[in-house]
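Structure, as structure tokens:
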Amino acid sequence: MKFYKSLFFSAVLAFILVGCSPKIAPMVGTNPTNIDKTILKTTPLNEEDLKRWSHLDLVKDTVPGMSVDKAYTEILKNKKGNKIIVAVIDGGLDIDHEDLKGKIWINKKEINGNNKDDDNNGYVDDINGWNFLGDSDDENLELTRIVKKGDDGSEIYKKAKAELEQKLAEMNQQKPQVDMIAKADKDMKTLLKKEVYTVDDLKKVSTTDSSLNQSKMIMMSVATQAGPGFQSDIKEYIDQVYDMLNYNLNVNFDGRKVVGDNPEDINDKKYGNGNVKGTDVENTFHGTHVAGIIAQIRGNGKGGDGVIAANLEIMALRAVPNGDEYDKDIALAIRYAVDNGAKIINGSFGKDYSSHKEWVWDAIKYAESKNVLLVLAAGNDSKDIDKEASFPTDQVNGKEIADNVLTIGALSNDCGLNMVASFSNFGNANVDVFSPGDKIYATVPNNKYRFLQGTSMASPNTAGVAALIRSYYPNLSASQVKQIIMDSGTPISTTVIVGEEKNKIPFSSTCVSGKIVNAYNALKMAEAISKK
């Protein structure tokens with residue numbers, strides 16, 4: 001499932017917002033070698049810097065960014081890299097976005113629209129990638145699919161059924177509040193005669209209608225706590241609850257039927273189409289944001305900046321629905337990316353159950369054999385994935401099956417106790433390194449931009465750094481690039497808060513490397529190793 005961070009609202013019935021609205025937060029300046037003891041200063045981050053904080057430098061800017069600007073200024077200036085293809089396996093991509101122009105992969109061996117497989121790669125009219133979901137959008141969670149198959153007496157079935165019942169109960173408990181907020185929002189839109197309204201608009205509402213006054217109070221409460229962009233957050237929250245009840249947790253819903261394949265058969269490969277936008281470009285919201293973090297044009301005054309400025313093409317692979325992805329689609333998407341020239345694959349998705357994980361493991365090993373690096377999001381459940389697995393994973397029975405996978409946790413823009421984003425998974429054995437993933441500004445469909453949060457955003461930040469290395473130092477292997485990113489990161493010695501229980505642990509225990517990604521250091525190390 002695309003890694004969205006849930007947003008909960010505080011209206012009259014005590015919903016609390018955990019939002020991602022752009023807010024200016026205090027930044028704590030620090031010495032990276034002794035971050036918990038040496039506080040240099042507190043610097044407020046202006047809105048423009050907030051839009052690109054992941055590119056700033058920990059020491060110079062007192063923000064735990066990836067030192068991307070420093071890398072361009074001091075290392076990459078006047079250097080020319082090789083073209084690199086980065087595959088984005090996600091929910092589709094708005095390939096026509098103004099800030100991704102010239103950055104979309106084009107299969108030059110294929111003739112668009114002739115309904116033939118010109119390059120004999122098994123995919124007809126795959127001009128920009130492939131859509132493994134066809135005309136499907138909504139889907140069950142994997143645990144729902146497990147329950148639908150019936151009781152096979154396994155512990156996995158029992159666990160999935162119990163979790164399904166729990167989640168259904170939670171969503172049904174929230175639905176009355178959701179309905180109330182939805183009604184209040186609709187009332188205010190009708191009364192104000194505008195689809196987008198502000199807190200000031202609400203303050204001016206004067207009516208003797210008690211029902212409308214109640215709606216005003218509800219929306220005032222929501223808007224005050226949510227801040228700017230509260231209506232987008234409202235829609236996201238409402239959609240999330242309704243989608244969970246109507247599709248994700250609904251055992252009577254079949255989202256795969258329209259695709260027309262057998263998802264239980266890895267050899268049934270003739271399905272999907274070349275429309276990487278899917279049925280509605282608005283549904284590419286997540287994938288377009290992920291692609292933008294890697295590739296949006298630098299310095300053009302639009303949106304944020306991509307990590308890699310040139311010599312890049314994004315291959316779009318639509319395989320992640322509004323629900324949990326199928327292992328079959330992910331495995332085939334990885335293989336497609338490898339076979340069609342991608343050197344880096346970004347996977348900002350994940351789930352708690354995996355019915356055919358061996359298919360994904362085989363695909364990971366195939367990518368390793370072809371020198372392709374996978375960068376994966378660690379997940380947004382605030383959990384230790386050493387204890388509770390999150391899929392896909394490159395570990396089987398505690399051992400890595402391949403040396404070409406980086407699993408990424410998310411940083412906030414706070415250098416103190418809250419450096420690890422509150423939603424981020426962690427794990428001393430299963431998360432490799434951390435990079436910025438909170439309040440990340442990037443492209444969304446129809447030439448728009450938005451702040452989003454999640455390990456979904458941290459993963460492409462790291463993938464962008466990997467793309468820089470592979471572009472400028474193409475003789476380095478996927479395994480070497482992985483090790484460089486981990487070894488060259490900035491070591492953090494501070495204690496941080498992690499998990500739902502808000503435990504305090506050393507940052508060094510949150511991931512294998514105990515470090516945060518640093519593009520400048522990575523490129524310096526890559527240059528040294530490349531010369532050898």
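By order in the structure tokens, chains are A, B, ...; within a chain, residues start at 1; ligands start at 1, following the order shown.
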
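The list of residues with at least one atom within 7 Å of Thr490 in chain A, based on only C-alpha atoms and without residues fewer than 2 positions apart in the same chain, reads A:Pro32, A:Ser488, A:Ile492, A:Lys515, A:Ile516, A:Val517, A:Asn518.
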
With 9 Å as the cut-off and only C-alpha atoms counted, what is the closest atom pair between each nearby residue of range 46-112 of chain A and range 273-280 of chain A? Distances in Å to one decimal, ordered by chain and number, as JSON lines.
{"residue": "A:Gly91", "atom": "CA", "partner": "A:Gly278", "partner_atom": "CA", "distance": 8.3}
{"residue": "A:Gly92", "atom": "CA", "partner": "A:Lys277", "partner_atom": "CA", "distance": 5.2}
{"residue": "A:Leu93", "atom": "CA", "partner": "A:Lys277", "partner_atom": "CA", "distance": 5.3}
{"residue": "A:Asp94", "atom": "CA", "partner": "A:Lys277", "partner_atom": "CA", "distance": 5.8}
{"residue": "A:Ile95", "atom": "CA", "partner": "A:Lys277", "partner_atom": "CA", "distance": 7.3}

Neighbour list for range 117-120 of chain A as a PyMOL selection string, cut-off 12 Å, only C-alpha atoms, skip fewer than 5 positions in-chain
chain A and resi 107-112+125-127+270+273-274+339-340

Residues at most 6 Å from range 319-324 of chain A, counting only C-alpha atoms, excluding those fewer than 2 positions away in the same chain, as a CSV table (one decimal) with N, CA, C and O atoms, in the first residue's frame?
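Result went into part_1.csv, see below:
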chain,number,residue,atom,x,y,z
A,1,MET,N,0.9,-1.2,0.0
A,1,MET,CA,0.0,0.0,0.0
A,1,MET,C,0.9,1.2,0.0
A,1,MET,O,1.9,1.3,0.7
A,90,ASP,N,5.1,2.5,-8.3
A,90,ASP,CA,4.2,3.2,-7.4
A,90,ASP,C,2.8,3.1,-8.0
A,90,ASP,O,2.5,2.2,-8.7
A,91,GLY,N,2.0,4.1,-7.7
A,91,GLY,CA,0.6,4.1,-8.1
A,91,GLY,C,0.3,4.8,-9.4
A,91,GLY,O,-0.8,5.3,-9.7
A,132,PHE,N,0.8,-2.3,-14.5
A,132,PHE,CA,0.4,-3.6,-14.1
A,132,PHE,C,-1.0,-3.7,-13.5
A,132,PHE,O,-1.5,-4.8,-13.2
A,133,LEU,N,-1.6,-2.6,-13.3
A,133,LEU,CA,-3.0,-2.6,-12.6
A,133,LEU,C,-4.1,-2.4,-13.7
A,133,LEU,O,-5.3,-2.5,-13.3
A,137,ASP,N,-8.2,0.5,-9.7
A,137,ASP,CA,-7.7,1.6,-8.8
A,137,ASP,C,-7.7,1.1,-7.3
A,137,ASP,O,-6.7,1.2,-6.6
A,138,ASP,N,-8.8,0.6,-6.9
A,138,ASP,CA,-9.0,0.3,-5.5
A,138,ASP,C,-8.8,-1.2,-5.3
A,138,ASP,O,-9.0,-2.0,-6.1
A,139,GLU,N,-8.3,-1.5,-4.1
A,139,GLU,CA,-7.9,-2.9,-3.8
A,139,GLU,C,-8.0,-3.2,-2.3
A,139,GLU,O,-8.0,-2.3,-1.5
A,140,ASN,N,-8.2,-4.5,-2.0
A,140,ASN,CA,-8.1,-5.0,-0.6
A,140,ASN,C,-6.7,-4.8,0.0
A,140,ASN,O,-5.7,-4.7,-0.7
A,141,LEU,N,-6.7,-4.8,1.3
A,141,LEU,CA,-5.4,-5.1,2.0
A,141,LEU,C,-5.1,-6.5,1.9
A,141,LEU,O,-5.9,-7.4,1.7
A,142,GLU,N,-3.8,-6.9,2.0
A,142,GLU,CA,-3.4,-8.3,1.9
A,142,GLU,C,-4.1,-9.1,3.0
A,142,GLU,O,-4.5,-10.3,2.7
A,248,ASN,N,-10.6,-1.5,1.1
A,248,ASN,CA,-9.4,-2.1,1.7
A,248,ASN,C,-9.8,-3.3,2.7
A,248,ASN,O,-9.1,-4.3,2.7
A,329,ASP,N,2.7,-8.4,-9.0
A,329,ASP,CA,2.9,-7.1,-9.7
A,329,ASP,C,4.3,-6.5,-9.3
A,329,ASP,O,5.0,-6.0,-10.2

Which residues in range 108-228 of chain A does DSSP call helix (DSSP H, G or I)? List them as a ChimeraX atom specification.
/A:142-148,155-192,199-203,210-226

Write out as an mmCIF file with N, CA, C and O atoms, in the first residue's frame each polymer residue whose atoms come within 12 Å of Leu192 in chain A, counting only C-alpha atoms; drop sequence neighbours fewer than 2 positions from it.
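Okay, selection-v2.cif is ready:
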data_model
loop_
_atom_site.group_PDB
_atom_site.id
_atom_site.type_symbol
_atom_site.label_atom_id
_atom_site.label_comp_id
_atom_site.auth_asym_id
_atom_site.auth_seq_id
_atom_site.Cartn_x
_atom_site.Cartn_y
_atom_site.Cartn_z
ATOM 1 N N ASP A 185 -18.295 20.418 6.318
ATOM 2 C CA ASP A 185 -17.525 21.003 5.224
ATOM 3 C C ASP A 185 -18.437 21.347 4.049
ATOM 4 O O ASP A 185 -18.340 22.433 3.452
ATOM 5 N N LYS A 186 -19.331 20.428 3.717
ATOM 6 C CA LYS A 186 -20.271 20.672 2.617
ATOM 7 C C LYS A 186 -21.182 21.853 2.931
ATOM 8 O O LYS A 186 -21.450 22.697 2.059
ATOM 9 N N ASP A 187 -21.655 21.942 4.182
ATOM 10 C CA ASP A 187 -22.523 23.055 4.594
ATOM 11 C C ASP A 187 -21.823 24.395 4.397
ATOM 12 O O ASP A 187 -22.419 25.359 3.895
ATOM 13 N N MET A 188 -20.546 24.467 4.793
ATOM 14 C CA MET A 188 -19.811 25.730 4.696
ATOM 15 C C MET A 188 -19.524 26.089 3.233
ATOM 16 O O MET A 188 -19.576 27.260 2.849
ATOM 17 N N LYS A 189 -19.232 25.099 2.414
ATOM 18 C CA LYS A 189 -19.015 25.366 0.985
ATOM 19 C C LYS A 189 -20.278 25.941 0.349
ATOM 20 O O LYS A 189 -20.225 26.891 -0.440
ATOM 21 N N THR A 190 -21.425 25.362 0.704
ATOM 22 C CA THR A 190 -22.703 25.820 0.151
ATOM 23 C C THR A 190 -23.042 27.218 0.647
ATOM 24 O O THR A 190 -23.432 28.093 -0.130
ATOM 25 N N LYS A 194 -18.287 28.788 -2.133
ATOM 26 C CA LYS A 194 -16.922 28.589 -2.629
ATOM 27 C C LYS A 194 -16.405 27.225 -2.179
ATOM 28 O O LYS A 194 -16.694 26.769 -1.069
ATOM 29 N N GLU A 195 -15.676 26.573 -3.065
ATOM 30 C CA GLU A 195 -15.135 25.248 -2.767
ATOM 31 C C GLU A 195 -13.962 25.325 -1.797
ATOM 32 O O GLU A 195 -13.739 24.414 -1.001
ATOM 33 N N VAL A 196 -13.197 26.403 -1.886
ATOM 34 C CA VAL A 196 -12.042 26.582 -0.998
ATOM 35 C C VAL A 196 -12.284 27.815 -0.137
ATOM 36 O O VAL A 196 -12.486 28.917 -0.655
ATOM 37 N N TYR A 197 -12.280 27.620 1.162
ATOM 38 C CA TYR A 197 -12.525 28.735 2.069
ATOM 39 C C TYR A 197 -11.471 28.749 3.169
ATOM 40 O O TYR A 197 -10.728 27.784 3.361
ATOM 41 N N THR A 198 -11.386 29.860 3.873
ATOM 42 C CA THR A 198 -10.360 30.061 4.892
ATOM 43 C C THR A 198 -10.980 30.209 6.274
ATOM 44 O O THR A 198 -12.213 30.288 6.414
ATOM 45 N N VAL A 199 -10.126 30.288 7.275
ATOM 46 C CA VAL A 199 -10.596 30.542 8.634
ATOM 47 C C VAL A 199 -11.295 31.892 8.710
ATOM 48 O O VAL A 199 -12.332 32.044 9.374
ATOM 49 N N ASP A 200 -10.752 32.882 8.012
ATOM 50 C CA ASP A 200 -11.377 34.210 8.007
ATOM 51 C C ASP A 200 -12.778 34.159 7.408
ATOM 52 O O ASP A 200 -13.699 34.846 7.880
ATOM 53 N N ASP A 201 -12.941 33.343 6.361
ATOM 54 C CA ASP A 201 -14.281 33.173 5.781
ATOM 55 C C ASP A 201 -15.241 32.601 6.811
ATOM 56 O O ASP A 201 -16.396 33.046 6.930
ATOM 57 N N LEU A 202 -14.764 31.627 7.561
ATOM 58 C CA LEU A 202 -15.612 30.999 8.575
ATOM 59 C C LEU A 202 -15.995 31.990 9.671
ATOM 60 O O LEU A 202 -17.134 31.992 10.155
ATOM 61 N N LYS A 203 -15.056 32.840 10.045
ATOM 62 C CA LYS A 203 -15.325 33.824 11.111
ATOM 63 C C LYS A 203 -16.432 34.799 10.718
ATOM 64 O O LYS A 203 -17.147 35.332 11.565
ATOM 65 N N LYS A 204 -16.559 35.032 9.413
ATOM 66 C CA LYS A 204 -17.557 35.986 8.929
ATOM 67 C C LYS A 204 -18.957 35.381 8.803
ATOM 68 O O LYS A 204 -19.922 36.104 8.556
ATOM 69 N N VAL A 205 -19.047 34.056 8.952
ATOM 70 C CA VAL A 205 -20.350 33.406 8.827
ATOM 71 C C VAL A 205 -21.264 33.829 9.973
ATOM 72 O O VAL A 205 -20.895 33.724 11.155
ATOM 73 N N SER A 206 -22.432 34.315 9.625
ATOM 74 C CA SER A 206 -23.428 34.719 10.629
ATOM 75 C C SER A 206 -24.791 34.164 10.200
ATOM 76 O O SER A 206 -25.296 34.491 9.125
ATOM 77 N N THR A 207 -25.345 33.317 11.036
ATOM 78 C CA THR A 207 -26.618 32.691 10.705
ATOM 79 C C THR A 207 -27.376 32.341 11.980
ATOM 80 O O THR A 207 -26.778 32.121 13.029
ATOM 81 N N LEU A 212 -26.361 25.039 10.919
ATOM 82 C CA LEU A 212 -25.233 25.673 10.229
ATOM 83 C C LEU A 212 -24.216 26.222 11.220
ATOM 84 O O LEU A 212 -23.007 26.196 10.970
ATOM 85 N N LYS A 216 -20.320 25.369 11.411
ATOM 86 C CA LYS A 216 -19.274 26.399 11.490
ATOM 87 C C LYS A 216 -18.314 26.093 12.629
ATOM 88 O O LYS A 216 -17.078 26.178 12.459
#

Can you check which parts of range 202-269 of chain A lie within 12 Å of range 438-457 of chain A? Per residue, the shortest pair of atoms and distance in Å to one decimal, counting only C-alpha atoms, sorted by chain and number, as a tab-separated table.
residue	atom	partner	partner_atom	distance
A:Pro228	CA	A:Phe451	CA	11.3
A:Gly229	CA	A:Arg450	CA	9.6
A:Ser232	CA	A:Arg450	CA	10.1
A:Asp233	CA	A:Leu452	CA	10.7
A:Glu236	CA	A:Leu452	CA	11.7

Write out as a VMD selection string each polymer residue whose atoms come within 9 Å of range 52-57 of chain A, counting only C-alpha atoms; drop sequence neighbours fewer than 2 positions from it.
chain A and resid 45 48 to 50 59 to 70 303 to 305 307 413 435 to 437 439 to 441 461 518 to 519

Between A:Ala389, A:Ala182, A:Asn131, A:Tyr247, single out the one closest to Gln231 in chain A, counting only C-alpha atoms.
A:Ala182
